[in-house]
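Next comes start-v4.csv, with CSV, C-alpha atoms.
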```
chain,number,residue,atom,x,y,z
A,1,MET,CA,146.0,102.7,298.1
A,2,THR,CA,143.3,105.2,297.0
A,3,ASP,CA,141.3,106.7,300.0
A,4,PHE,CA,137.6,107.1,299.7
A,5,SER,CA,135.4,109.0,302.2
A,6,GLU,CA,132.5,107.1,303.7
A,7,ALA,CA,129.3,107.3,301.8
A,8,SER,CA,126.8,109.4,303.7
A,9,MET,CA,123.1,108.5,304.0
A,10,ARG,CA,120.3,110.9,303.0
A,11,PHE,CA,116.6,110.6,302.5
A,12,ASP,CA,114.5,111.4,299.4
A,13,ALA,CA,111.9,114.0,300.3
A,14,ASN,CA,109.1,112.1,298.6
A,15,THR,CA,109.7,108.5,299.4
A,16,GLN,CA,111.8,108.8,302.6
A,17,SER,CA,113.8,105.9,301.3
A,18,PRO,CA,117.5,105.9,302.2
A,19,GLN,CA,119.9,106.6,299.3
A,20,LEU,CA,123.7,106.5,299.1
A,21,SER,CA,125.4,109.7,297.9
A,22,LYS,CA,128.3,109.3,295.5
A,23,PRO,CA,131.6,108.6,297.3
A,24,GLN,CA,134.0,111.6,297.1
A,25,TRP,CA,137.6,110.9,296.3
A,26,ARG,CA,140.3,112.7,298.4
A,27,PRO,CA,144.0,112.3,297.9
A,28,SER,CA,146.1,110.3,300.4
A,29,ARG,CA,148.6,112.5,302.3
A,30,LYS,CA,151.0,109.6,302.6
A,31,ARG,CA,153.0,108.0,299.8
A,32,THR,CA,152.6,104.2,299.7
A,33,CYS,CA,154.3,101.4,297.8
A,34,VAL,CA,153.0,97.8,297.7
A,35,LYS,CA,154.2,94.8,295.7
A,36,LEU,CA,152.3,93.7,292.6
A,37,SER,CA,151.9,90.0,292.3
A,38,ALA,CA,152.0,88.0,289.1
A,39,CYS,CA,148.4,87.1,289.8
A,40,ASP,CA,147.5,90.8,289.9
A,41,LEU,CA,149.1,91.4,286.5
A,42,GLU,CA,147.7,88.3,284.9
A,43,ARG,CA,144.2,89.5,285.6
A,44,THR,CA,144.9,93.0,284.3
A,45,LYS,CA,144.4,94.1,280.7
A,46,ARG,CA,147.5,95.8,279.5
A,47,ALA,CA,147.1,98.4,276.7
A,48,PHE,CA,148.8,98.8,273.4
A,49,THR,CA,150.7,101.9,274.6
A,50,THR,CA,152.5,99.8,277.2
A,51,ARG,CA,153.6,97.0,274.8
A,52,ARG,CA,157.3,97.7,275.1
A,53,VAL,CA,157.2,97.4,278.9
A,54,SER,CA,157.8,93.8,280.1
A,55,MET,CA,155.7,92.4,282.9
A,56,ASP,CA,159.0,91.6,284.7
A,57,ALA,CA,159.6,95.3,285.1
A,58,MET,CA,156.2,95.9,286.7
A,59,ALA,CA,156.9,95.2,290.4
A,60,THR,CA,155.2,97.7,292.6
A,61,LEU,CA,152.1,100.0,292.9
A,62,ILE,CA,152.7,103.5,294.1
A,63,ASN,CA,150.1,105.9,295.5
A,64,GLY,CA,149.9,109.1,297.4
A,65,PRO,CA,150.4,112.8,296.7
A,66,ILE,CA,152.0,112.2,293.3
A,67,ARG,CA,151.6,114.3,290.1
A,68,PRO,CA,151.7,111.9,287.1
A,69,ARG,CA,153.7,112.7,284.0
A,70,THR,CA,153.1,111.9,280.4
A,71,GLY,CA,154.1,108.3,279.8
A,72,ASP,CA,153.7,107.2,283.4
A,73,LEU,CA,152.1,103.7,283.6
A,74,VAL,CA,148.9,103.6,285.8
A,75,LEU,CA,146.9,100.7,287.1
A,76,ALA,CA,143.3,101.7,287.1
A,77,ARG,CA,139.8,100.2,287.6
A,78,VAL,CA,137.0,100.8,285.1
A,79,GLU,CA,134.2,102.7,286.9
A,80,ARG,CA,131.7,103.5,284.1
A,81,ILE,CA,131.8,102.5,280.5
A,82,ARG,CA,130.8,105.2,278.0
A,83,TYR,CA,132.5,106.0,274.7
A,84,GLN,CA,135.4,103.6,275.0
A,85,ARG,CA,133.9,100.2,275.3
A,86,ARG,CA,137.0,98.3,274.4
A,87,LEU,CA,140.8,98.4,275.1
A,88,GLU,CA,143.4,97.5,272.6
A,89,LEU,CA,145.8,95.0,274.2
A,90,THR,CA,149.5,94.7,273.6
A,91,ASN,CA,149.0,91.9,271.0
A,92,GLY,CA,146.5,94.0,269.0
A,93,ARG,CA,143.3,92.3,270.1
A,94,LYS,CA,140.5,94.7,271.2
A,95,ALA,CA,139.2,93.4,274.5
A,96,SER,CA,135.7,94.3,275.8
A,97,LEU,CA,135.7,96.4,279.0
A,98,ASN,CA,133.6,95.6,282.0
A,99,VAL,CA,132.9,97.7,285.1
A,100,GLY,CA,135.4,96.5,287.7
A,101,ASP,CA,138.1,95.5,285.2
A,102,THR,CA,141.6,96.5,286.1
A,103,ILE,CA,143.7,98.0,283.2
A,104,ILE,CA,147.3,99.2,282.8
A,105,VAL,CA,147.4,102.3,280.5
A,106,ALA,CA,149.7,105.4,280.2
A,107,TYR,CA,149.0,109.0,281.1
A,108,GLY,CA,149.0,111.4,278.2
A,109,ASP,CA,147.5,114.5,276.6
A,110,ARG,CA,145.1,114.1,273.7
A,111,TYR,CA,144.2,116.2,270.7
A,112,ALA,CA,141.4,114.7,268.5
A,113,THR,CA,138.9,117.1,266.9
A,114,ASP,CA,136.3,114.3,266.4
A,115,GLN,CA,136.7,112.9,269.9
A,116,PHE,CA,138.4,114.4,272.9
A,117,GLU,CA,140.8,117.1,274.1
A,118,ALA,CA,142.4,115.9,277.3
A,119,GLU,CA,145.4,116.5,279.5
A,120,VAL,CA,147.4,114.7,282.2
A,121,PRO,CA,145.7,115.4,285.5
A,122,ASN,CA,147.5,116.9,288.5
A,123,ASP,CA,146.9,113.9,290.8
A,124,LEU,CA,145.9,110.3,290.9
A,125,GLY,CA,142.2,111.0,291.3
A,126,PRO,CA,139.3,109.8,289.1
A,127,THR,CA,140.0,110.4,285.4
A,128,ASN,CA,139.1,109.1,281.9
A,129,LEU,CA,140.2,106.6,279.4
A,130,VAL,CA,140.5,108.9,276.3
A,131,ALA,CA,141.9,106.5,273.8
A,132,THR,CA,141.2,102.8,273.0
A,133,GLY,CA,144.9,102.3,272.6
A,134,GLY,CA,145.4,103.0,276.3
A,135,VAL,CA,145.7,106.7,277.2
A,136,ALA,CA,144.5,108.1,280.5
A,137,GLY,CA,143.7,111.8,280.8
A,138,ALA,CA,141.2,114.4,282.2
A,139,VAL,CA,138.8,115.5,279.4
A,140,LEU,CA,138.8,119.2,278.7
A,141,SER,CA,136.4,119.2,275.8
A,142,LYS,CA,134.8,116.7,273.4
A,143,ASN,CA,133.0,116.5,270.1
A,144,ARG,CA,129.3,117.0,270.6
A,145,SER,CA,128.4,114.0,268.4
A,146,ILE,CA,129.9,111.4,270.8
A,147,LYS,CA,129.4,110.1,274.3
A,148,PRO,CA,131.5,111.2,277.2
A,149,ALA,CA,134.8,109.3,277.8
A,150,THR,CA,134.8,106.2,279.9
A,151,ASP,CA,135.5,106.8,283.6
A,152,ILE,CA,138.4,105.1,285.4
A,153,MET,CA,139.8,105.2,288.9
A,154,PRO,CA,143.6,105.1,289.2
A,155,LEU,CA,144.8,102.6,291.9
A,156,GLY,CA,148.3,103.8,291.6
A,157,LEU,CA,151.3,104.3,289.3
A,158,VAL,CA,153.1,101.1,288.2
A,159,GLY,CA,156.7,101.0,289.5
A,160,ASP,CA,159.8,99.0,289.4
A,161,ALA,CA,161.2,96.8,292.2
A,162,ASP,CA,162.7,99.9,293.9
A,163,GLY,CA,159.4,101.8,294.0
A,164,ARG,CA,160.2,104.2,291.1
A,165,PRO,CA,157.4,104.9,288.7
A,166,LEU,CA,157.8,103.3,285.3
A,167,ASN,CA,157.6,105.6,282.3
A,168,LEU,CA,157.4,104.7,278.6
A,169,HIS,CA,160.5,106.8,278.0
A,170,GLN,CA,162.6,104.2,279.8
A,171,PHE,CA,161.7,101.6,277.1
A,172,ARG,CA,162.2,103.5,273.9
A,173,VAL,CA,164.0,102.0,270.9
A,174,ALA,CA,167.8,102.2,271.1
A,175,ILE,CA,170.0,103.3,268.2
A,176,ASP,CA,173.2,101.3,268.0
A,177,ARG,CA,175.1,103.9,266.0
A,178,PRO,CA,175.1,107.7,265.7
A,179,TYR,CA,172.7,109.1,263.2
A,180,ASP,CA,174.2,109.3,259.7
A,181,ASP,CA,172.3,111.2,257.0
A,182,ASN,CA,174.5,109.5,254.3
A,183,VAL,CA,172.9,106.1,255.0
A,184,ARG,CA,169.3,107.4,255.3
A,185,PRO,CA,167.0,106.1,252.6
A,186,ARG,CA,164.5,108.3,250.8
A,187,VAL,CA,162.0,109.7,253.3
A,188,VAL,CA,158.4,110.6,252.1
A,189,CYS,CA,156.1,112.3,254.6
A,190,VAL,CA,152.4,112.0,254.5
A,191,LEU,CA,150.5,115.2,255.6
A,192,GLY,CA,146.8,116.0,255.6
A,193,THR,CA,144.2,118.7,256.0
A,194,SER,CA,142.8,117.3,259.3
A,195,MET,CA,142.1,114.2,261.3
A,196,ASN,CA,140.3,111.6,259.1
A,197,SER,CA,141.4,113.2,255.8
A,198,GLY,CA,142.8,109.9,254.5
A,199,LYS,CA,146.4,110.0,255.6
A,200,THR,CA,146.5,106.5,256.9
A,201,THR,CA,144.7,105.1,253.9
A,202,THR,CA,147.2,106.9,251.6
A,203,ASN,CA,150.1,105.5,253.6
A,204,HIS,CA,148.6,102.0,253.7
A,205,SER,CA,148.1,102.0,249.9
A,206,ILE,CA,151.7,103.2,249.3
A,207,VAL,CA,153.1,100.5,251.7
A,208,LEU,CA,151.1,97.8,249.9
A,209,GLY,CA,152.3,98.8,246.5
A,210,LEU,CA,155.9,99.1,247.5
A,211,SER,CA,156.1,95.9,249.4
A,212,ARG,CA,154.5,94.0,246.5
A,213,ALA,CA,157.0,95.6,244.2
A,214,GLY,CA,159.9,94.2,246.3
A,215,TYR,CA,160.9,97.3,248.2
A,216,ARG,CA,161.8,97.1,251.9
A,217,VAL,CA,159.6,99.8,253.6
A,218,GLY,CA,159.8,101.3,257.0
A,219,VAL,CA,156.9,103.3,258.5
A,220,ALA,CA,157.0,105.8,261.3
A,221,LYS,CA,154.2,107.9,262.8
A,222,VAL,CA,155.7,111.0,264.4
A,223,THR,CA,152.8,112.5,266.2
A,224,GLY,CA,149.3,111.5,267.5
A,225,THR,CA,147.7,109.5,270.3
A,226,GLY,CA,148.8,105.9,271.1
A,227,SER,CA,146.7,103.4,269.1
A,228,GLY,CA,147.4,100.2,267.4
A,229,GLY,CA,145.0,100.5,264.5
A,230,ASP,CA,147.5,102.2,262.1
A,231,PHE,CA,150.3,100.2,263.6
A,232,TRP,CA,149.0,96.8,262.7
A,233,GLN,CA,147.5,98.0,259.4
A,234,MET,CA,151.0,99.0,258.1
A,235,LEU,CA,152.5,95.6,259.1
A,236,ASP,CA,149.6,93.9,257.4
A,237,ALA,CA,150.3,95.8,254.2
A,238,GLY,CA,153.9,94.5,254.2
A,239,ALA,CA,156.0,97.1,256.1
A,240,ALA,CA,159.3,95.6,257.1
A,241,PHE,CA,159.5,97.8,260.1
A,242,ASN,CA,156.8,100.0,261.8
A,243,LEU,CA,157.4,102.5,264.6
A,244,ASP,CA,155.5,105.3,266.2
A,245,PHE,CA,156.0,107.9,268.9
A,246,THR,CA,155.2,105.2,271.6
A,247,ASP,CA,158.4,103.5,270.5
A,248,ALA,CA,160.2,106.8,271.2
A,249,GLY,CA,158.7,106.8,274.8
A,250,TYR,CA,155.5,108.8,274.5
A,251,SER,CA,151.9,107.8,274.9
A,252,ALA,CA,150.8,110.8,272.9
A,253,THR,CA,152.4,114.0,271.5
A,254,TYR,CA,149.9,116.7,272.2
A,255,LYS,CA,151.4,119.6,274.2
A,256,LEU,CA,154.9,118.3,273.8
A,257,PRO,CA,157.4,121.1,273.0
A,258,VAL,CA,158.7,121.2,269.4
A,259,ARG,CA,162.2,120.1,270.5
A,260,ASP,CA,160.7,116.8,271.7
A,261,LEU,CA,158.8,116.3,268.4
A,262,GLU,CA,162.1,116.9,266.6
A,263,ALA,CA,163.8,114.3,268.8
A,264,ILE,CA,161.0,111.8,268.1
A,265,ALA,CA,161.4,112.3,264.4
A,266,MET,CA,165.2,111.9,264.5
A,267,GLN,CA,165.0,108.9,266.7
A,268,LEU,CA,162.5,107.0,264.6
A,269,VAL,CA,164.2,107.9,261.3
A,270,GLY,CA,167.6,107.1,262.8
A,271,TYR,CA,166.5,103.7,263.9
A,272,LEU,CA,164.9,102.9,260.6
A,273,SER,CA,167.9,104.1,258.7
A,274,GLN,CA,169.9,101.2,260.2
A,275,GLN,CA,167.5,98.5,259.0
A,276,ASN,CA,168.6,98.2,255.4
A,277,LEU,CA,165.4,99.8,254.0
A,278,ASP,CA,164.7,101.3,250.5
A,279,VAL,CA,162.3,104.0,251.7
A,280,ILE,CA,160.8,105.4,254.9
A,281,LEU,CA,157.3,106.7,255.1
A,282,LEU,CA,156.5,109.2,257.9
A,283,GLU,CA,153.0,110.3,259.0
A,284,VAL,CA,152.2,113.4,260.9
A,285,ALA,CA,148.8,113.1,262.6
A,286,ASP,CA,145.9,115.6,262.5
A,287,GLY,CA,146.0,118.6,260.2
A,288,ILE,CA,148.7,120.7,258.8
A,289,TYR,CA,147.3,123.7,260.6
A,290,GLN,CA,147.5,122.0,264.1
A,291,HIS,CA,149.8,124.4,265.9
A,292,GLN,CA,152.4,121.8,266.9
A,293,ASN,CA,152.5,120.5,263.3
A,294,LEU,CA,153.2,124.0,262.0
A,295,GLU,CA,156.0,124.4,264.4
A,296,LEU,CA,157.5,121.0,263.6
A,297,LEU,CA,157.3,121.5,259.8
A,298,ALA,CA,159.1,124.8,260.2
A,299,THR,CA,162.1,123.3,261.9
A,300,GLU,CA,165.4,122.8,260.0
A,301,THR,CA,165.6,119.4,261.7
A,302,PHE,CA,162.4,118.0,260.1
A,303,GLN,CA,163.1,119.7,256.8
A,304,SER,CA,166.5,118.0,256.7
A,305,ILE,CA,165.1,114.5,256.9
A,306,VAL,CA,162.1,114.8,254.6
A,307,ASP,CA,162.8,114.5,250.9
A,308,ALA,CA,159.2,114.8,249.6
A,309,VAL,CA,155.6,115.2,250.9
A,310,PHE,CA,152.5,113.3,249.9
A,311,PHE,CA,149.4,115.2,250.8
A,312,ALA,CA,146.0,113.8,251.8
A,313,GLY,CA,142.9,116.0,251.6
A,314,GLY,CA,139.2,115.6,252.3
A,315,ASP,CA,138.0,118.3,249.9
A,316,ALA,CA,139.5,120.4,247.1
A,317,MET,CA,139.8,123.7,249.0
A,318,GLY,CA,141.5,122.1,252.0
A,319,ALA,CA,143.9,120.1,249.7
A,320,ALA,CA,144.8,123.2,247.7
A,321,LEU,CA,145.5,125.3,250.9
A,322,GLY,CA,147.4,122.5,252.5
A,323,VAL,CA,149.6,121.8,249.4
A,324,ASN,CA,150.3,125.6,249.2
A,325,ARG,CA,151.3,125.8,252.9
A,326,ALA,CA,153.6,122.8,252.6
A,327,GLU,CA,155.3,124.2,249.5
A,328,MET,CA,155.7,127.6,251.3
A,329,ALA,CA,157.5,125.8,254.1
A,330,GLY,CA,160.0,124.5,251.6
A,331,TYR,CA,158.7,120.9,251.0
A,332,GLN,CA,158.4,119.3,247.6
A,333,VAL,CA,154.8,117.9,247.3
A,334,ILE,CA,154.9,115.0,244.8
A,335,GLY,CA,151.3,113.8,245.1
A,336,LEU,CA,147.8,114.4,246.3
A,337,SER,CA,145.4,111.7,247.5
A,338,GLY,CA,143.0,111.1,250.5
A,339,LYS,CA,139.3,111.2,250.9
A,340,LEU,CA,138.7,113.5,248.0
A,341,THR,CA,139.6,110.8,245.6
A,342,ALA,CA,136.4,109.0,246.4
A,343,SER,CA,134.5,111.6,244.3
A,344,GLU,CA,135.3,112.3,240.6
A,345,LEU,CA,133.8,115.7,241.1
A,346,LEU,CA,136.2,116.5,244.0
A,347,ILE,CA,139.1,115.2,241.9
A,348,ARG,CA,138.2,117.6,239.1
A,349,GLU,CA,137.9,120.5,241.5
A,350,ALA,CA,141.3,119.7,243.1
A,351,GLU,CA,142.9,119.4,239.6
A,352,ALA,CA,141.7,122.9,238.8
A,353,MET,CA,143.1,124.3,242.0
A,354,THR,CA,146.6,122.7,242.2
A,355,PRO,CA,149.1,121.4,239.7
A,356,VAL,CA,150.1,118.5,242.0
A,357,PRO,CA,149.2,115.1,240.4
A,358,ILE,CA,146.3,113.3,242.1
A,359,PHE,CA,146.4,109.6,242.8
A,360,ARG,CA,143.6,107.2,243.7
A,361,LYS,CA,144.5,104.5,246.2
A,362,GLU,CA,144.4,101.9,243.5
A,363,GLN,CA,147.2,103.7,241.7
A,364,LEU,CA,149.3,103.9,244.9
A,365,SER,CA,148.9,100.2,245.7
A,366,ASN,CA,149.9,99.2,242.2
A,367,PRO,CA,153.4,97.7,242.3
A,368,GLU,CA,154.0,98.5,238.7
A,369,SER,CA,153.7,102.3,239.2
A,370,ILE,CA,154.3,103.2,242.9
A,371,GLY,CA,158.1,103.2,242.6
A,372,ALA,CA,158.0,105.8,239.8
A,373,ILE,CA,155.4,107.9,241.7
A,374,LEU,CA,157.8,108.2,244.6
A,375,SER,CA,160.9,108.6,242.4
A,376,LEU,CA,162.5,105.4,243.6
A,377,PRO,CA,165.0,103.4,241.6
A,378,PRO,CA,163.7,100.0,240.5
A,379,ALA,CA,164.0,97.3,243.1
A,380,THR,CA,167.2,95.4,242.3
A,381,SER,CA,166.9,92.0,240.6
A,382,GLU,CA,168.8,90.4,243.4
A,383,VAL,CA,166.2,91.6,245.9
A,384,ALA,CA,163.0,91.5,244.0
A,385,GLN,CA,162.5,87.9,242.8
A,386,PRO,CA,159.2,86.1,242.2
A,387,CYS,CA,158.4,84.1,245.2
A,388,GLY,CA,156.4,80.9,245.7
A,389,ALA,CA,152.9,80.2,244.3
A,390,THR,CA,151.8,83.9,244.5
A,391,GLY,CA,154.4,85.2,242.0
A,392,ARG,CA,154.9,88.3,244.2
A,393,GLN,CA,158.3,89.8,244.8
A,394,CYS,CA,159.9,88.4,247.9
A,395,ALA,CA,162.2,91.3,248.9
A,396,GLY,CA,165.0,88.7,249.6
A,397,LEU,CA,163.4,87.4,252.8
A,398,CYS,CA,162.9,83.8,251.7
A,399,GLU,CA,165.7,82.0,253.6
A,400,PRO,CA,164.0,79.8,256.2
A,401,ALA,CA,164.6,80.6,259.8
A,402,MET,CA,165.8,78.0,262.2
A,403,ALA,CA,162.9,76.2,263.9
A,404,GLU,CA,164.0,77.4,267.3
A,405,GLU,CA,164.7,81.0,266.3
A,406,GLU,CA,162.1,83.6,267.4
A,407,PRO,CA,160.8,85.6,264.4
A,408,SER,CA,162.5,89.0,264.0
A,409,TRP,CA,159.2,90.9,264.3
A,410,ALA,CA,158.4,89.1,267.6
A,411,ARG,CA,161.8,90.1,269.0
A,412,PHE,CA,161.2,93.7,267.9
A,413,LEU,CA,157.7,93.9,269.5
A,414,SER,CA,159.1,92.5,272.7
A,415,GLY,CA,161.9,95.1,272.8
A,416,THR,CA,164.7,92.5,272.5
A,417,LYS,CA,167.5,92.6,269.9
```

Whole structure given in structure tokens:
Amino acid sequence: MTDFSEASMRFDANTQSPQLSKPQWRPSRKRTCVKLSACDLERTKRAFTTRRVSMDAMATLINGPIRPRTGDLVLARVERIRYQRRLELTNGRKASLNVGDTIIVAYGDRYATDQFEAEVPNDLGPTNLVATGGVAGAVLSKNRSIKPATDIMPLGLVGDADGRPLNLHQFRVAIDRPYDDNVRPRVVCVLGTSMNSGKTTTNHSIVLGLSRAGYRVGVAKVTGTGSGGDFWQMLDAGAAFNLDFTDAGYSATYKLPVRDLEAIAMQLVGYLSQQNLDVILLEVADGIYQHQNLELLATETFQSIVDAVFFAGGDAMGAALGVNRAEMAGYQVIGLSGKLTASELLIREAEAMTPVPIFRKEQLSNPESIGAILSLPPATSEVAQPCGATGRQCAGLCEPAMAEEEPSWARFLSGTK
């Protein structure tokens, strides 16, 4: 277990009252491995990033002179609550954090211009919770407008019964058949000018419109930091399947080499291509000028699986530059949306700077128009039938399941087939 030096006593020069100095952490020189009990795990809050890892696989706690890797699971104790006051659990609920709570999260690097830049530390010493979805990392820089990240103390890496550290990569989605581009549905990628430019809102509106029109929609977030906010939002909008990079075995994608980003994109699209979908919506986090995004967009692999781009912008200038950059990379930009559509003045500015049609979120969520906007064939009459009292299209999913059968979405979330 973690080794602390004894707290030393000192006296204040004015009051002469004894005070405790802050305990200093020092790494253990010996590797240890102890069993985790079911009681230990039941009292521990497990984060969204670890949702594909079953509790049955968590058997040991490993400590000592170990350098953690991206995706390694860590059991940690909350030491000081700052910016992150809650932790998103595996079921989507955001649980309040208290000093002394034990949590299971995953190590990862983070890139967030309005929050933190962080990296996986070199040891199991004190570190930070840098994302509510459950990512541990050492903060390198932060946005000046927010508080520092919450402090956590790793108690050890979570391991299997043989004492080997568990990593998210071991629990990634499996593809039953080799990737076949001939069975891939139309893929539309949502890009944006920056973090919080309206990408997720754009994606959400499109999913809502398509699902209500009777299309089976799959969603995949290729890059970013593990968080359930977008994940649950897409399912709530009617996505038939929803994946992100955590399903490909990564807690976050910052600092990953471009070959890994290509592999994530291919794995997610390959899996969704086997789910009898009409369209796949991809999202690339952060801005188009983020250096990893530029590298990914320039690859033949990513260009080969993206049929069209929908761009989200926060202002007219950023939108015009982003659309131009995407087109220079060889992508067909079929629409522009995002935060700028909240202002009629910004819409008019953007219309003057780019020929790409601009769509408000109400237009994207309209089942009567979204199919044509994305150049999709009409949903077939056999699939899109009015359903129940709502009159919405049912997408052919109305056959009642057997009472004892577990819902398909529950099987998917639990990692079973």

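Remark: for A:Leu336, the closest of the candidate residues A:Val269, A:Leu208, A:Leu191, A:Val217 is A:Leu191 (distances computed over all atoms listed in the file).
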
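Note that atom CA of A:Phe310 and atom CA of A:Thr354 are 13.5 Å apart.
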
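Considering the residues A:Arg82, A:Gly163, A:Val158, A:Gly108 and counting only C-alpha atoms, A:Ala138 has its shortest atom-to-atom contact with A:Gly108.
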
Selected residue, from A:Ala38, A:Gln290, A:Pro148, A:Glu368, that lies nearest to A:Tyr215 when counting all atoms listed in the file: A:Glu368

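Separating atom CA of A:Leu281 from atom CA of A:Ser337 is a distance of 15.0 Å.
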
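Distance annotation: of A:Glu283, A:Asp56, A:Glu300, A:Glu327, the residue with the minimal separation from A:Asn242 is A:Glu283; atom set is all atoms listed in the file.
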
Exercise: A:Asp278 partners within 12 Å, all atoms listed in the file, chain neighbours under 5 positions left out, as a PyMOL selection string: chain A and resi 183-188+207+210-211+213-219+239-241+272-273+371+374-380+383-384+395

Who sits within 12 Å of A:Asp260, only C-alpha atoms, same chain under 3 positions skipped, as number ranges by chain: A: 169, 222-223, 245, 248-250, 252-257, 263-267, 292, 295-296, 299, 301-302

Which residue of A:Arg172, A:Lys339, A:Arg43, A:Arg348 approaches A:Arg360 most closely, using all atoms listed in the file: A:Lys339

Nearby residues, (148.4, 99.8, 273.3) file frame, 8 Å, only C-alpha atoms, as a VMD selection string: chain A and resid 46 to 51 87 to 90 92 105 132 to 134 226 to 228

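Each of A:Tyr83, A:His291, A:Gln274, A:Thr193 was checked against A:Ala326 using only C-alpha atoms; the smallest atom-to-atom distance is that of A:Thr193.
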
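Interatomic distance, atom CA of A:Cys33 against atom CA of A:Leu155: 11.2 Å.
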
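Around A:Val309, within 6 Å and counting only C-alpha atoms, the residues found are Val188, Cys189, Val190, Gln332 and Val333 of chain A, once anything fewer than 2 positions away on its own chain is removed.
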
Write the residues you've just listed into a file as a short mmCIF file (atom, residue, chain, number, x, y, z; two decimals), keeping the file's coordinate frame, and include C-alpha atoms for each of them.
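The resulting out-v3.cif:
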```cif
data_model
loop_
_atom_site.label_atom_id
_atom_site.label_comp_id
_atom_site.auth_asym_id
_atom_site.auth_seq_id
_atom_site.Cartn_x
_atom_site.Cartn_y
_atom_site.Cartn_z
CA VAL A 188 158.40 110.60 252.10
CA CYS A 189 156.10 112.30 254.60
CA VAL A 190 152.40 112.00 254.50
CA GLN A 332 158.40 119.30 247.60
CA VAL A 333 154.80 117.90 247.30
#
```

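The neighbours of A:Pro367 here are the residues that come within 7 Å of it, using all atoms listed in the file and leaving out any residue fewer than 2 positions away in the same chain; they are Gly209, Leu210, Arg212, Ala213, Ser365, Ser369 and Ile370 of chain A.
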